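Trainee: So I've got this file, run.txt, and it contains compact mmCIF, C-alpha atoms and all ligand atoms:
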```
# COMPACT_ATOMS: atom_id res chain seq x y z
CA MET T 1 16.42 -14.04 15.00
CA TYR T 2 14.75 -10.77 14.03
CA GLN T 3 13.10 -8.53 16.64
CA GLN T 4 11.47 -5.71 14.67
CA ILE T 5 10.24 -6.15 11.14
CA VAL T 6 8.82 -3.53 8.80
CA VAL T 7 7.08 -4.68 5.62
CA LEU T 8 6.25 -2.23 2.84
CA THR T 9 3.70 -3.43 0.30
CA GLY T 10 2.70 -2.03 -3.07
CA ALA T 11 0.24 -2.78 -5.84
CA GLY T 12 2.15 -5.93 -6.85
CA ILE T 13 1.02 -7.79 -3.72
CA SER T 14 -2.61 -7.39 -4.79
CA ALA T 15 -1.99 -8.25 -8.47
CA GLU T 16 -2.61 -11.97 -7.90
CA SER T 17 -5.95 -11.04 -6.30
CA GLY T 18 -6.98 -9.51 -9.62
CA LEU T 19 -6.30 -5.82 -8.89
CA ARG T 20 -4.35 -3.89 -11.48
CA THR T 21 -1.03 -2.30 -10.61
CA PHE T 22 -0.17 1.24 -11.73
CA ARG T 23 2.94 0.96 -13.84
CA ASP T 24 3.07 -2.58 -15.21
CA GLN T 25 1.94 -3.26 -18.75
CA ASP T 26 -1.83 -2.75 -18.69
CA GLY T 27 -1.44 -0.77 -15.45
CA LEU T 28 -3.92 1.89 -14.33
CA TRP T 29 -1.69 4.81 -15.31
CA GLU T 30 -1.68 3.63 -18.93
CA GLU T 31 -5.37 4.45 -19.13
CA HIS T 32 -5.65 7.52 -16.91
CA HIS T 33 -3.72 10.73 -16.54
CA ILE T 34 -2.36 10.96 -12.99
CA GLU T 35 -3.02 14.70 -12.93
CA ASP T 36 -6.72 14.12 -13.74
CA VAL T 37 -7.55 11.46 -11.16
CA ALA T 38 -4.84 11.59 -8.48
CA THR T 39 -4.24 15.26 -7.69
CA PRO T 40 -6.21 17.84 -5.66
CA GLU T 41 -6.26 20.06 -8.77
CA GLY T 42 -7.83 17.25 -10.84
CA TYR T 43 -10.52 16.82 -8.18
CA GLU T 44 -11.22 20.54 -8.14
CA ARG T 45 -11.55 20.53 -11.94
CA ASP T 46 -13.80 17.49 -12.22
CA ALA T 47 -14.90 15.79 -8.99
CA GLU T 48 -17.23 13.41 -10.85
CA LEU T 49 -14.43 12.05 -13.03
CA VAL T 50 -12.30 11.38 -9.93
CA GLU T 51 -15.26 9.75 -8.14
CA ARG T 52 -15.94 7.52 -11.15
CA PHE T 53 -12.28 6.40 -11.10
CA TYR T 54 -12.37 5.46 -7.39
CA ASN T 55 -15.92 4.07 -7.60
CA SER T 56 -14.91 1.54 -10.20
CA ARG T 57 -12.08 0.39 -7.89
CA TRP T 58 -14.55 0.37 -4.95
CA GLN T 59 -17.05 -1.72 -6.89
CA GLN T 60 -14.40 -4.22 -7.96
CA LEU T 61 -13.27 -4.60 -4.35
CA HIS T 62 -16.86 -5.24 -3.25
CA SER T 63 -17.77 -7.50 -6.17
CA GLY T 64 -17.01 -10.68 -4.21
CA THR T 65 -14.43 -11.77 -6.79
CA VAL T 66 -11.44 -10.08 -5.16
CA VAL T 67 -10.02 -11.91 -2.15
CA PRO T 68 -6.68 -11.87 -0.31
CA ASN T 69 -4.02 -14.08 -1.88
CA ALA T 70 -1.31 -16.27 -0.35
CA ALA T 71 1.01 -13.28 0.21
CA HIS T 72 -1.58 -11.32 2.23
CA LEU T 73 -2.41 -14.45 4.23
CA ALA T 74 1.26 -15.21 4.93
CA LEU T 75 1.82 -11.69 6.31
CA ALA T 76 -1.21 -12.10 8.59
CA LYS T 77 0.26 -15.41 9.78
CA LEU T 78 3.56 -13.65 10.46
CA GLU T 79 1.76 -11.08 12.62
CA ALA T 80 -0.05 -13.81 14.53
CA GLU T 81 2.99 -16.03 15.16
CA PHE T 82 6.02 -13.73 15.26
CA THR T 83 7.22 -13.05 18.79
CA GLY T 84 8.82 -9.69 17.91
CA GLN T 85 7.21 -6.57 16.47
CA LEU T 86 5.81 -6.33 12.98
CA LEU T 87 4.45 -3.28 11.18
CA ILE T 88 3.00 -3.48 7.68
CA ILE T 89 3.06 -0.20 5.78
CA THR T 90 0.98 -0.40 2.65
CA GLN T 91 0.79 2.01 -0.26
CA ASN T 92 -2.35 0.18 -1.32
CA ILE T 93 -5.79 1.63 -0.76
CA ASP T 94 -7.50 -1.78 -0.95
CA ASP T 95 -8.37 -3.64 2.27
CA LEU T 96 -6.93 -7.05 1.40
CA HIS T 97 -4.42 -7.00 4.29
CA GLU T 98 -7.27 -6.43 6.76
CA ARG T 99 -9.40 -9.11 5.13
CA ALA T 100 -6.46 -11.52 5.45
CA GLY T 101 -6.29 -10.75 9.19
CA SER T 102 -3.48 -8.19 9.51
CA ARG T 103 -4.05 -5.63 12.26
CA ARG T 104 -0.78 -3.69 12.76
CA LEU T 105 -1.16 -1.93 9.46
CA LEU T 106 -0.66 1.59 8.22
CA HIS T 107 -2.29 2.80 5.00
CA MET T 108 0.12 5.56 4.04
CA HIS T 109 -1.79 6.43 0.83
CA GLY T 110 -5.25 6.23 2.41
CA GLU T 111 -8.14 3.78 2.13
CA LEU T 112 -10.66 3.21 -0.63
CA SER T 113 -13.29 2.18 1.91
CA LYS T 114 -13.38 5.66 3.47
CA GLY T 115 -14.44 9.15 2.53
CA ARG T 116 -13.10 12.27 4.22
CA CYS T 117 -14.72 15.56 5.14
CA PRO T 118 -12.72 18.23 3.29
CA ARG T 119 -13.27 20.71 6.13
CA SER T 120 -12.76 18.73 9.37
CA ARG T 121 -10.68 15.89 7.83
CA GLN T 122 -12.88 13.41 9.76
CA THR T 123 -13.13 10.07 7.94
CA PHE T 124 -16.30 8.03 7.34
CA ILE T 125 -16.68 4.41 6.24
CA LEU T 126 -18.30 4.37 2.81
CA ARG T 127 -21.37 2.16 2.62
CA ASP T 128 -22.00 3.19 -1.00
CA PRO T 129 -19.80 4.44 -3.81
CA PHE T 130 -19.09 8.18 -3.98
CA GLY T 131 -21.83 10.53 -5.13
CA ALA T 132 -23.55 13.76 -4.22
CA SER T 133 -25.44 11.97 -1.42
CA ASN T 134 -22.25 10.94 0.36
CA CYS T 135 -21.89 13.76 2.87
CA CYS T 136 -20.29 14.22 6.26
CA THR T 137 -22.22 14.43 9.51
CA CYS T 138 -19.69 16.67 11.21
CA CYS T 139 -20.41 20.03 9.52
CA ILE T 140 -23.38 22.30 8.89
CA PRO T 141 -23.97 22.46 6.01
CA ALA T 142 -22.87 18.87 5.43
CA GLN T 143 -19.83 18.63 3.16
CA ARG T 144 -19.47 16.28 0.20
CA LEU T 145 -16.97 13.57 1.17
CA ARG T 146 -13.81 13.30 -0.89
CA PRO T 147 -11.92 10.01 -1.34
CA HIS T 148 -9.69 9.28 1.67
CA VAL T 149 -6.77 8.85 -0.70
CA VAL T 150 -3.45 10.65 -0.66
CA TRP T 151 -3.00 12.38 -3.99
CA PHE T 152 0.17 13.62 -5.60
CA GLY T 153 1.27 16.80 -3.86
CA GLU T 154 -0.33 15.71 -0.55
CA MET T 155 1.40 14.43 2.57
CA PRO T 156 1.27 10.64 3.10
CA LEU T 157 -0.31 9.47 6.34
CA GLY T 158 1.43 8.20 9.47
CA MET T 159 4.93 9.43 8.58
CA ASP T 160 6.04 9.91 12.21
CA SER T 161 5.16 6.31 13.13
CA ILE T 162 6.76 5.10 9.90
CA HIS T 163 10.05 6.85 10.63
CA ASP T 164 10.07 5.51 14.19
CA ALA T 165 9.56 1.98 12.89
CA LEU T 166 12.24 2.33 10.19
CA ASP T 167 14.77 3.73 12.66
CA ASN T 168 14.35 0.69 14.89
CA CYS T 169 13.79 -2.24 12.57
CA ASP T 170 16.30 -5.01 11.97
CA LEU T 171 14.55 -6.35 8.86
CA PHE T 172 12.88 -4.32 6.13
CA ILE T 173 10.99 -6.13 3.35
CA ALA T 174 9.44 -4.43 0.31
CA ILE T 175 6.91 -6.48 -1.65
CA GLY T 176 5.47 -5.65 -5.08
CA THR T 177 6.40 -2.01 -5.34
CA SER T 178 8.22 -0.29 -8.18
CA GLY T 179 9.97 2.11 -5.78
CA THR T 180 9.15 5.12 -7.93
CA VAL T 181 6.96 7.14 -5.56
CA TYR T 182 8.50 9.00 -2.64
CA PRO T 183 8.62 8.98 0.32
CA ALA T 184 8.00 5.19 0.23
CA ALA T 185 10.79 4.73 -2.32
CA GLY T 186 13.26 6.13 0.22
CA PHE T 187 12.36 3.76 3.08
CA VAL T 188 15.00 1.24 2.01
CA ASP T 189 17.71 3.90 2.38
CA ALA T 190 16.51 4.72 5.89
CA ALA T 191 16.46 1.03 6.83
CA ASN T 192 19.94 0.42 5.36
CA HIS T 193 21.20 3.50 7.16
CA HIS T 194 19.98 2.14 10.49
CA GLY T 195 21.64 -1.22 9.93
CA ALA T 196 18.59 -3.32 9.05
CA GLN T 197 18.71 -6.18 6.62
CA THR T 198 16.81 -5.16 3.49
CA VAL T 199 14.98 -7.61 1.23
CA GLU T 200 12.88 -7.05 -1.88
CA VAL T 201 10.28 -9.35 -3.44
CA ASN T 202 9.30 -8.40 -6.99
CA MET T 203 8.31 -10.07 -10.24
CA MET T 204 10.99 -8.06 -12.01
CA ALA T 205 14.70 -8.72 -11.55
CA PRO T 206 16.52 -5.86 -9.80
CA ASP T 207 18.28 -3.16 -11.78
CA ARG T 208 21.81 -2.06 -11.02
CA HIS T 209 20.59 0.78 -8.79
CA CYS T 210 18.85 -1.66 -6.45
CA GLN T 211 19.38 -0.60 -2.83
CA PHE T 212 18.24 -3.88 -1.30
CA GLN T 213 20.75 -6.37 0.12
CA TYR T 214 18.68 -9.33 -1.08
CA HIS T 215 16.32 -9.55 -3.97
CA LEU T 216 13.85 -12.39 -4.54
CA THR T 217 12.51 -12.45 -8.08
CA GLY T 218 9.07 -13.98 -8.57
CA LYS T 219 5.43 -13.75 -7.62
CA ALA T 220 4.58 -12.47 -4.15
CA GLY T 221 2.00 -15.25 -3.73
CA GLU T 222 4.73 -17.86 -4.10
CA LEU T 223 7.68 -16.17 -2.38
CA VAL T 224 6.11 -14.40 0.60
CA PRO T 225 4.81 -17.62 2.27
CA LYS T 226 8.35 -19.08 2.01
CA LEU T 227 9.87 -15.89 3.36
CA VAL T 228 7.46 -15.92 6.30
CA ASP T 229 8.26 -19.58 7.07
CA THR T 230 11.97 -18.73 7.05
CA ILE T 231 11.46 -15.88 9.52
CA LEU T 232 9.21 -17.94 11.79
CA ALA T 233 11.79 -20.76 11.79
CA GLY T 234 14.25 -18.25 13.25
CA GLN T 235 16.49 -18.30 10.18
CA VAL T 236 18.26 -15.36 8.63
CA ILE T 237 17.17 -14.50 5.09
CA GLY T 238 19.94 -15.05 2.60
CA SER T 239 21.63 -17.77 4.64
CA GLU T 240 22.22 -21.05 2.84
CA SER T 241 19.35 -22.80 4.54
CA SER T 242 16.73 -20.19 3.75
CA LEU T 243 14.28 -20.02 0.83
P1 LIG X 301 3.50 0.05 -9.28
O1 LIG X 301 2.43 -0.26 -10.26
O2 LIG X 301 4.34 1.26 -9.54
O3 LIG X 301 4.49 -1.18 -9.14
C1 LIG X 301 4.03 -2.49 -8.96
C2 LIG X 301 5.23 -3.39 -8.77
O4 LIG X 301 4.78 -4.68 -8.45
C3 LIG X 301 6.12 -3.52 -10.00
O5 LIG X 301 7.48 -3.32 -9.62
C4 LIG X 301 5.89 -4.97 -10.47
O6 LIG X 301 7.06 -5.55 -11.04
C5 LIG X 301 5.51 -5.65 -9.18
N1 LIG X 301 4.62 -6.81 -9.32
C6 LIG X 301 3.56 -6.97 -10.15
N2 LIG X 301 2.95 -8.14 -9.94
C7 LIG X 301 3.63 -8.77 -8.94
C8 LIG X 301 3.49 -10.01 -8.24
N3 LIG X 301 2.51 -10.88 -8.53
N4 LIG X 301 4.40 -10.32 -7.29
C9 LIG X 301 5.42 -9.47 -6.99
N5 LIG X 301 5.59 -8.28 -7.60
C10 LIG X 301 4.71 -7.91 -8.55
O7 LIG X 301 2.80 0.11 -7.84
P2 LIG X 301 3.33 0.80 -6.49
O8 LIG X 301 4.80 0.68 -6.37
O9 LIG X 301 2.49 0.27 -5.41
O10 LIG X 301 0.01 6.12 -5.30
O11 LIG X 301 2.94 2.31 -6.76
C11 LIG X 301 3.21 3.26 -5.76
C12 LIG X 301 2.16 4.34 -5.79
O12 LIG X 301 2.06 4.86 -7.12
C13 LIG X 301 0.75 3.87 -5.52
O13 LIG X 301 0.48 3.74 -4.14
C14 LIG X 301 -0.08 4.95 -6.13
C15 LIG X 301 0.67 5.11 -7.43
O14 LIG X 301 0.62 6.34 -8.04
C16 LIG X 301 -0.98 7.01 -5.27
O15 LIG X 301 -1.96 6.93 -5.98
C17 LIG X 301 -0.74 8.14 -4.31
```
The structure in this file should be written as structure tokens.

Mentor:
Amino acid sequence: MYQQIVVLTGAGISAESGLRTFRDQDGLWEEHHIEDVATPEGYERDAELVERFYNSRWQQLHSGTVVPNAAHLALAKLEAEFTGQLLIITQNIDDLHERAGSRRLLHMHGELSKGRCPRSRQTFILRDPFGASNCCTCCIPAQRLRPHVVWFGEMPLGMDSIHDALDNCDLFIAIGTSGTVYPAAGFVDAANHHGAQTVEVNMMAPDRHCQFQYHLTGKAGELVPKLVDTILAGQVIGSESSL
């Protein structure tokens, strides 16, 4: 029976909700240069281009067509029914975990639904997409809000809490992430180092460098509900009776 579970999610968990991943075929980075839309330098060069990029994601998320899928819902069920501790760390800037009902959640790469004052770092919920009229109320003169998104070269959010959770977990699960962006890509090493069981759920079969003890190949929407049922039944993942 597990006591402390950490779940890391990536773009793959939201793929079945209709949101594009970054590095799959047809992924977002095929169409955009990272340095243009996901770096502080890109924003300094052309704020409008960066705002257009995040606004189109914002509009899609608010279009009414994007809803949490079975994997998000299963993780919310795990939080509600698990008697131990669960922390979800997401690299995703969408709010599908919250909409599914998850509450112990850390957005390490920021949140699409918020803008941030570049001077005070105070965050504001965005009622409208980004534009010149989206300003802070904490400074005089009011500052134009920037996306509350961690860009390349910036420090991810909540790292102290994340390290505490990784040091103490007995099960670490990564769902729908390519494991190419650090520090998130290194979490499995930390969890292995501290003696946790490590499990990966991904559409792609593992390569030979895979650091996870167990790998489940398939869609998150199909596998995560089964994984959650296994945990809630008090079974160990990878035992004969599970999954
Ligand atoms: P990637 O696009 O790099 O990887 C998505 C992963 O999800 C791939 O390994 C896919 O095989 C897998 N996948 C796709 N559909 C799936 C499904 N239905 N079920 C299970 N797995 C599926 O996305 P991330 O790893 O999240 O950062 O990317 C990490 C970071 O890179 C992002 O947070 C973003 C990006 O640059 C910033 O912008 C700071």

Trainee: Counting all atoms listed in the file, which of T:His193, T:Arg146, T:His109, T:Arg127 gets nearest to ligand LIG 301 (chain X)?

Mentor: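 Comparing T:His193, T:Arg146, T:His109, T:Arg127 against ligand LIG 301 (chain X), the winner is T:His109.
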
Trainee: Taking only C-alpha atoms and all ligand atoms into account, list the residues no farther than 8 Å from ligand LIG 301 (chain X), as an MDAnalysis selection string.

Mentor: chainID T and resid 9:16 20:24 27:29 34 38 90:93 109 149:152 175:181 184 201:204 217:221

Trainee: Could those selected residues go to a file with C-alpha atoms, as a JSON list (two decimals), in the frame of the given file?

Mentor:
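Below you can see out.json, which holds the result:
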```json
[["chain", "number", "residue", "atom", "x", "y", "z"],
["T", 9, "THR", "CA", 3.70, -3.43, 0.30],
["T", 10, "GLY", "CA", 2.70, -2.03, -3.07],
["T", 11, "ALA", "CA", 0.24, -2.78, -5.84],
["T", 12, "GLY", "CA", 2.15, -5.93, -6.85],
["T", 13, "ILE", "CA", 1.02, -7.79, -3.72],
["T", 14, "SER", "CA", -2.61, -7.39, -4.79],
["T", 15, "ALA", "CA", -1.99, -8.25, -8.47],
["T", 16, "GLU", "CA", -2.61, -11.97, -7.90],
["T", 20, "ARG", "CA", -4.35, -3.89, -11.48],
["T", 21, "THR", "CA", -1.03, -2.30, -10.61],
["T", 22, "PHE", "CA", -0.17, 1.24, -11.73],
["T", 23, "ARG", "CA", 2.94, 0.96, -13.84],
["T", 24, "ASP", "CA", 3.07, -2.58, -15.21],
["T", 27, "GLY", "CA", -1.44, -0.77, -15.45],
["T", 28, "LEU", "CA", -3.92, 1.89, -14.33],
["T", 29, "TRP", "CA", -1.69, 4.81, -15.31],
["T", 34, "ILE", "CA", -2.36, 10.96, -12.99],
["T", 38, "ALA", "CA", -4.84, 11.59, -8.48],
["T", 90, "THR", "CA", 0.98, -0.40, 2.65],
["T", 91, "GLN", "CA", 0.79, 2.01, -0.26],
["T", 92, "ASN", "CA", -2.35, 0.18, -1.32],
["T", 93, "ILE", "CA", -5.79, 1.63, -0.76],
["T", 109, "HIS", "CA", -1.79, 6.43, 0.83],
["T", 149, "VAL", "CA", -6.77, 8.85, -0.70],
["T", 150, "VAL", "CA", -3.45, 10.65, -0.66],
["T", 151, "TRP", "CA", -3.00, 12.38, -3.99],
["T", 152, "PHE", "CA", 0.17, 13.62, -5.60],
["T", 175, "ILE", "CA", 6.91, -6.48, -1.65],
["T", 176, "GLY", "CA", 5.47, -5.65, -5.08],
["T", 177, "THR", "CA", 6.40, -2.01, -5.34],
["T", 178, "SER", "CA", 8.22, -0.29, -8.18],
["T", 179, "GLY", "CA", 9.97, 2.11, -5.78],
["T", 180, "THR", "CA", 9.15, 5.12, -7.93],
["T", 181, "VAL", "CA", 6.96, 7.14, -5.56],
["T", 184, "ALA", "CA", 8.00, 5.19, 0.23],
["T", 201, "VAL", "CA", 10.28, -9.35, -3.44],
["T", 202, "ASN", "CA", 9.30, -8.40, -6.99],
["T", 203, "MET", "CA", 8.31, -10.07, -10.24],
["T", 204, "MET", "CA", 10.99, -8.06, -12.01],
["T", 217, "THR", "CA", 12.51, -12.45, -8.08],
["T", 218, "GLY", "CA", 9.07, -13.98, -8.57],
["T", 219, "LYS", "CA", 5.43, -13.75, -7.62],
["T", 220, "ALA", "CA", 4.58, -12.47, -4.15],
["T", 221, "GLY", "CA", 2.00, -15.25, -3.73]]
```

Trainee: Please, which residues in range 78-136 of chain T fall within 8 Å of range 41-62 of chain T when counting all atoms listed in the file, and what is the closest atom pair and distance in Å to one decimal for each, ordered by chain then residue number, as a tab-separated table?

Mentor:
```
residue	atom	partner	partner_atom	distance
T:Asp94	CA	T:Leu61	CA	7.3
T:Leu112	CA	T:Trp58	CA	6.5
T:Ser113	CA	T:Trp58	CA	7.2
T:Pro129	CA	T:Asn55	CA	5.4
T:Phe130	CA	T:Glu51	CA	5.9
T:Gly131	CA	T:Glu51	CA	7.3
```

Trainee: In Å to one decimal, how far is CA of Pro147 in chain T from CA of His32 in chain T?

Mentor: 17.0 Å

Trainee: Please compute the CA of Leu87 in chain T-CA of Arg103 in chain T distance, one decimal, in Å.

Mentor: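 Rounded to one decimal, the two atoms are 8.9 Å apart.
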
Trainee: Of the residues T:Val199, T:Cys136, T:Leu78, T:Leu243, which is the one nearest to Glu222 in chain T, using all atoms listed in the file?

Mentor: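 Smallest distance to Glu222 in chain T is found for T:Leu243.
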
Trainee: Which residue, T:His209, T:His33, T:Arg104, T:Arg144, has the smallest gap to Thr123 in chain T when you use only C-alpha atoms?

Mentor: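 That would be T:Arg144, the residue with the smallest distance to Thr123 in chain T.
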
Trainee: Hey, which of T:Asp26, T:Val66, T:Leu105, T:Ile5 ends up closest to Leu86 in chain T? Count all atoms listed in the file.

Mentor: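 Selected residue with least distance to Leu86 in chain T: T:Ile5.
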
Trainee: Write out as a PDB file with C-alpha atoms, keeping the file's coordinate frame each polymer residue whose atoms come within 9 Å of Ala80 in chain T, counting all atoms listed in the file; drop sequence neighbours fewer than 5 positions from it.

Mentor:
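Written file, around27.pdb:
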```
ATOM      1  CA  LEU T  75       1.820 -11.690   6.310  1.00  0.00           C
ATOM      2  CA  GLY T 101      -6.290 -10.750   9.190  1.00  0.00           C
ATOM      3  CA  SER T 102      -3.480  -8.190   9.510  1.00  0.00           C
TER       4      SER T 102
END
```

Trainee: Choose the residue, out of T:Asp189, T:Asp229, T:Asp128, T:Asp164, that has the smallest atom-to-atom separation from Gln211 in chain T; count only C-alpha atoms.

Mentor: T:Asp189

Trainee: Just checking: using all atoms listed in the file, which residue out of T:Leu223, T:Ala165, T:Cys135, T:Val37 ends up closest to Arg116 in chain T?

Mentor: T:Cys135

Trainee: Between CA of Lys226 in chain T and CA of His107 in chain T, measure the distance and give it in Å to one decimal.

Mentor: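 Straight-line distance from CA of Lys226 in chain T to CA of His107 in chain T works out to 24.5 Å.
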
Trainee: Tell me which protein, DNA and RNA residues are within 10 Å of Gln4 in chain T, counting only C-alpha atoms, leaving out same-chain ones fewer than 2 positions away, and put them as a PyMOL selection string.

Mentor: chain T and resi 1-2+6+82-87+165-166+168-172+196

Trainee: So that all listed atoms of range 203-207 of chain T fit with 6 Å spare on each side, what axis-aligned box centre and edge lengths in Å, to one decimal, would you give as AutoDock Vina command-line options?

Mentor:
```
--center_x 13.3 --center_y -6.6 --center_z -10.9 --size_x 22.0 --size_y 18.9 --size_z 14.2
```

Trainee: Need to verify the contact set: Val67 in chain T, 9 Å, only C-alpha atoms, exclusion of same-chain residues closer than 2 positions in sequence. Can you return it as a PyMOL selection string?

Mentor: chain T and resi 17-18+61+64-65+69+96+99-100

Trainee: Residues within 12 Å of (-15.4, 19.4, 8.5), file coordinates, counting all atoms listed in the file: what are they? Give the list as an MDAnalysis selection string.

Mentor: chainID T and resid 115:124 135:146

Trainee: I need range 9-25 of chain T written out with N, CA, C and O atoms, as a PDB file, in the first residue's frame; please produce it.

Mentor:
```pdb
ATOM      1  N   THR T   9       2.689  15.242 -14.766  1.00  0.00           N
ATOM      2  CA  THR T   9       1.977  15.141 -16.049  1.00  0.00           C
ATOM      3  C   THR T   9       2.588  16.097 -17.082  1.00  0.00           C
ATOM      4  O   THR T   9       3.161  17.122 -16.737  1.00  0.00           O
ATOM      5  N   GLY T  10       2.442  15.689 -18.345  1.00  0.00           N
ATOM      6  CA  GLY T  10       2.921  16.509 -19.454  1.00  0.00           C
ATOM      7  C   GLY T  10       1.833  16.632 -20.505  1.00  0.00           C
ATOM      8  O   GLY T  10       0.690  16.158 -20.318  1.00  0.00           O
ATOM      9  N   ALA T  11       2.202  17.223 -21.620  1.00  0.00           N
ATOM     10  CA  ALA T  11       1.224  17.556 -22.658  1.00  0.00           C
ATOM     11  C   ALA T  11       0.424  16.338 -23.126  1.00  0.00           C
ATOM     12  O   ALA T  11      -0.734  16.472 -23.538  1.00  0.00           O
ATOM     13  N   GLY T  12       1.011  15.143 -23.038  1.00  0.00           N
ATOM     14  CA  GLY T  12       0.326  13.941 -23.510  1.00  0.00           C
ATOM     15  C   GLY T  12      -0.966  13.643 -22.763  1.00  0.00           C
ATOM     16  O   GLY T  12      -1.885  13.038 -23.322  1.00  0.00           O
ATOM     17  N   ILE T  13      -1.071  14.106 -21.500  1.00  0.00           N
ATOM     18  CA  ILE T  13      -2.318  13.804 -20.760  1.00  0.00           C
ATOM     19  C   ILE T  13      -3.471  14.650 -21.298  1.00  0.00           C
ATOM     20  O   ILE T  13      -4.642  14.259 -21.181  1.00  0.00           O
ATOM     21  N   SER T  14      -3.149  15.778 -21.914  1.00  0.00           N
ATOM     22  CA  SER T  14      -4.216  16.638 -22.446  1.00  0.00           C
ATOM     23  C   SER T  14      -4.474  16.399 -23.933  1.00  0.00           C
ATOM     24  O   SER T  14      -5.382  17.019 -24.509  1.00  0.00           O
ATOM     25  N   ALA T  15      -3.688  15.500 -24.549  1.00  0.00           N
ATOM     26  CA  ALA T  15      -3.821  15.274 -25.996  1.00  0.00           C
ATOM     27  C   ALA T  15      -5.218  14.747 -26.341  1.00  0.00           C
ATOM     28  O   ALA T  15      -5.827  15.158 -27.332  1.00  0.00           O
ATOM     29  N   GLU T  16      -5.735  13.838 -25.490  1.00  0.00           N
ATOM     30  CA  GLU T  16      -7.058  13.273 -25.787  1.00  0.00           C
ATOM     31  C   GLU T  16      -8.190  14.269 -25.491  1.00  0.00           C
ATOM     32  O   GLU T  16      -9.349  13.996 -25.797  1.00  0.00           O
ATOM     33  N   SER T  17      -7.845  15.422 -24.918  1.00  0.00           N
ATOM     34  CA  SER T  17      -8.838  16.499 -24.766  1.00  0.00           C
ATOM     35  C   SER T  17      -8.782  17.446 -25.955  1.00  0.00           C
ATOM     36  O   SER T  17      -9.492  18.454 -25.988  1.00  0.00           O
ATOM     37  N   GLY T  18      -7.887  17.170 -26.892  1.00  0.00           N
ATOM     38  CA  GLY T  18      -7.815  17.979 -28.110  1.00  0.00           C
ATOM     39  C   GLY T  18      -6.738  19.046 -28.099  1.00  0.00           C
ATOM     40  O   GLY T  18      -6.697  19.891 -28.990  1.00  0.00           O
ATOM     41  N   LEU T  19      -5.867  19.049 -27.062  1.00  0.00           N
ATOM     42  CA  LEU T  19      -4.776  20.032 -27.034  1.00  0.00           C
ATOM     43  C   LEU T  19      -3.521  19.414 -27.629  1.00  0.00           C
ATOM     44  O   LEU T  19      -3.194  18.259 -27.346  1.00  0.00           O
ATOM     45  N   ARG T  20      -2.830  20.198 -28.441  1.00  0.00           N
ATOM     46  CA  ARG T  20      -1.644  19.663 -29.104  1.00  0.00           C
ATOM     47  C   ARG T  20      -0.480  19.535 -28.126  1.00  0.00           C
ATOM     48  O   ARG T  20      -0.321  20.360 -27.235  1.00  0.00           O
ATOM     49  N   THR T  21       0.328  18.494 -28.330  1.00  0.00           N
ATOM     50  CA  THR T  21       1.559  18.374 -27.540  1.00  0.00           C
ATOM     51  C   THR T  21       2.611  19.263 -28.196  1.00  0.00           C
ATOM     52  O   THR T  21       2.327  20.006 -29.138  1.00  0.00           O
ATOM     53  N   PHE T  22       3.847  19.186 -27.702  1.00  0.00           N
ATOM     54  CA  PHE T  22       4.911  20.028 -28.257  1.00  0.00           C
ATOM     55  C   PHE T  22       5.755  19.290 -29.283  1.00  0.00           C
ATOM     56  O   PHE T  22       6.105  19.825 -30.319  1.00  0.00           O
ATOM     57  N   ARG T  23       6.074  18.026 -28.970  1.00  0.00           N
ATOM     58  CA  ARG T  23       7.102  17.360 -29.779  1.00  0.00           C
ATOM     59  C   ARG T  23       6.608  16.165 -30.573  1.00  0.00           C
ATOM     60  O   ARG T  23       7.398  15.507 -31.239  1.00  0.00           O
ATOM     61  N   ASP T  24       5.312  15.838 -30.487  1.00  0.00           N
ATOM     62  CA  ASP T  24       4.809  14.755 -31.336  1.00  0.00           C
ATOM     63  C   ASP T  24       4.689  15.283 -32.753  1.00  0.00           C
ATOM     64  O   ASP T  24       4.790  16.491 -32.987  1.00  0.00           O
ATOM     65  N   GLN T  25       4.432  14.366 -33.689  1.00  0.00           N
ATOM     66  CA  GLN T  25       4.171  14.810 -35.057  1.00  0.00           C
ATOM     67  C   GLN T  25       2.993  15.780 -35.000  1.00  0.00           C
ATOM     68  O   GLN T  25       2.016  15.507 -34.299  1.00  0.00           O
TER      69      GLN T  25
END
```
